[in-house]
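Below is one structure; the comments refer to it alone.
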Amino acid sequence: MGDTALLYLVSRLKDELVLVHTSISETRSRASQLLAVAGFVTVLATLGASIPSRGVTRVVSYALAAVALYALVGTLWLTAQALAVMSWEEVEVEAPAPGITLRRLHEAHLSDLYRVRCSLSVRLTRPVGYLRDAYWYFLATVVAILALVVLRFLPVI
C-alpha cells in the first residue's frame, strides 16, 4: 500500500471514530431523556389513577396496572443498562520509538485506530439494543396507563 492510501485510511478511520463517539453521546442522551419522561409519566399516572371499587372493571384495572408496572420497571431497567455501559476505548498516543520511520508510525496508528473502531462498534450495539427495547417497554407502559384512564371513565360493570 502506498503512502497516500495509508494516510487516506488513517483519515477515514479517524472520521469513523468521531461518528462512533457522537453515536455514543447521542445514545446516552436519549437514554437520559427516556428515563426523565418515564418518571414524569409515572408521576402523572399515580396522581390520576384510581381503581374502581367493584365489578369486572376492578379486575381489569388491576391487570392493566400490573402490566403498566411491569413495563415501567422494564423501561427503567433497560434504560439504566444503556446508561451503565461506560467502557469505551480511546486511541492511545505514545511517543514514537527512536529511529522509527514516519511510514511505520502511520502503520502503527492505523492499526490502533482499526482495533479501537472494531471494538467500539461491537460495544455500541449493546446500549443501542437496550435503548431500543426500553422504548418498546415505555410504549407498553403508556398504552396500559391510557387503557386505565379509559377504563376509569367507563360505567362500573
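Scheme for the C-alpha cells: letters A, B, ... for chains in order shown; per-chain residue numbers from 1; ligand numbers from 1 in order shown.
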> Residues at most 12 Å from range 32-41 of chain A, counting only C-alpha atoms, excluding those fewer than 3 positions away in the same chain, as a PyMOL selection string?
Replying inline: chain A and resi 25-29+44-49+68-69+71-84+130-146
Residues of the last selection are to be written out with C-alpha atoms, as a PDB file, in the first residue's frame.
```pdb
ATOM      1  CA  SER A  25     -23.148  10.533  23.233  1.00  0.00           C
ATOM      2  CA  GLU A  26     -26.483  10.524  21.409  1.00  0.00           C
ATOM      3  CA  THR A  27     -27.432   7.120  22.829  1.00  0.00           C
ATOM      4  CA  ARG A  28     -26.630   8.208  26.372  1.00  0.00           C
ATOM      5  CA  SER A  29     -28.567  11.442  25.852  1.00  0.00           C
ATOM      6  CA  LEU A  44     -48.871  11.720  36.248  1.00  0.00           C
ATOM      7  CA  ALA A  45     -50.291   8.186  36.230  1.00  0.00           C
ATOM      8  CA  THR A  46     -50.129   7.825  40.002  1.00  0.00           C
ATOM      9  CA  LEU A  47     -51.726  11.226  40.547  1.00  0.00           C
ATOM     10  CA  GLY A  48     -54.692  10.400  38.314  1.00  0.00           C
ATOM     11  CA  ALA A  49     -55.096   6.700  38.963  1.00  0.00           C
ATOM     12  CA  ALA A  68     -48.073  -0.926  33.385  1.00  0.00           C
ATOM     13  CA  LEU A  69     -45.885  -1.567  36.418  1.00  0.00           C
ATOM     14  CA  ALA A  71     -43.483  -2.338  31.565  1.00  0.00           C
ATOM     15  CA  LEU A  72     -42.327   0.633  33.631  1.00  0.00           C
ATOM     16  CA  VAL A  73     -39.818  -1.464  35.560  1.00  0.00           C
ATOM     17  CA  GLY A  74     -38.615  -2.905  32.238  1.00  0.00           C
ATOM     18  CA  THR A  75     -38.229   0.584  30.812  1.00  0.00           C
ATOM     19  CA  LEU A  76     -36.276   1.815  33.824  1.00  0.00           C
ATOM     20  CA  TRP A  77     -34.029  -1.254  33.978  1.00  0.00           C
ATOM     21  CA  LEU A  78     -33.191  -1.261  30.262  1.00  0.00           C
ATOM     22  CA  THR A  79     -32.584   2.486  30.237  1.00  0.00           C
ATOM     23  CA  ALA A  80     -30.295   2.212  33.244  1.00  0.00           C
ATOM     24  CA  GLN A  81     -28.404  -0.578  31.458  1.00  0.00           C
ATOM     25  CA  ALA A  82     -27.976   1.619  28.379  1.00  0.00           C
ATOM     26  CA  LEU A  83     -26.555   4.368  30.589  1.00  0.00           C
ATOM     27  CA  ALA A  84     -24.346   1.980  32.547  1.00  0.00           C
ATOM     28  CA  TYR A 130     -31.066  -1.818  25.422  1.00  0.00           C
ATOM     29  CA  LEU A 131     -32.407   1.580  24.459  1.00  0.00           C
ATOM     30  CA  ARG A 132     -34.453   0.184  21.555  1.00  0.00           C
ATOM     31  CA  ASP A 133     -36.056  -2.368  23.887  1.00  0.00           C
ATOM     32  CA  ALA A 134     -36.632   0.307  26.529  1.00  0.00           C
ATOM     33  CA  TYR A 135     -38.628   2.329  24.019  1.00  0.00           C
ATOM     34  CA  TRP A 136     -40.914  -0.691  23.421  1.00  0.00           C
ATOM     35  CA  TYR A 137     -41.398  -1.186  27.153  1.00  0.00           C
ATOM     36  CA  PHE A 138     -42.152   2.510  27.506  1.00  0.00           C
ATOM     37  CA  LEU A 139     -44.757   2.259  24.750  1.00  0.00           C
ATOM     38  CA  ALA A 140     -46.368  -0.646  26.629  1.00  0.00           C
ATOM     39  CA  THR A 141     -46.361   1.465  29.812  1.00  0.00           C
ATOM     40  CA  VAL A 142     -48.107   4.365  28.103  1.00  0.00           C
ATOM     41  CA  VAL A 143     -50.683   2.099  26.419  1.00  0.00           C
ATOM     42  CA  ALA A 144     -51.503   0.371  29.725  1.00  0.00           C
ATOM     43  CA  ILE A 145     -51.851   3.707  31.523  1.00  0.00           C
ATOM     44  CA  LEU A 146     -54.092   5.069  28.755  1.00  0.00           C
TER      45      LEU A 146
END
```
> Could you write out, as a ChimeraX atom specification, all the residues of chain A that DSSP marks as alpha helix (DSSP H)?
Replying inline: /A:3-48,56-84,102-153
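Relative to CA of Glu16 in chain A, CA of Thr125 in chain A is found at 15.4 Å.
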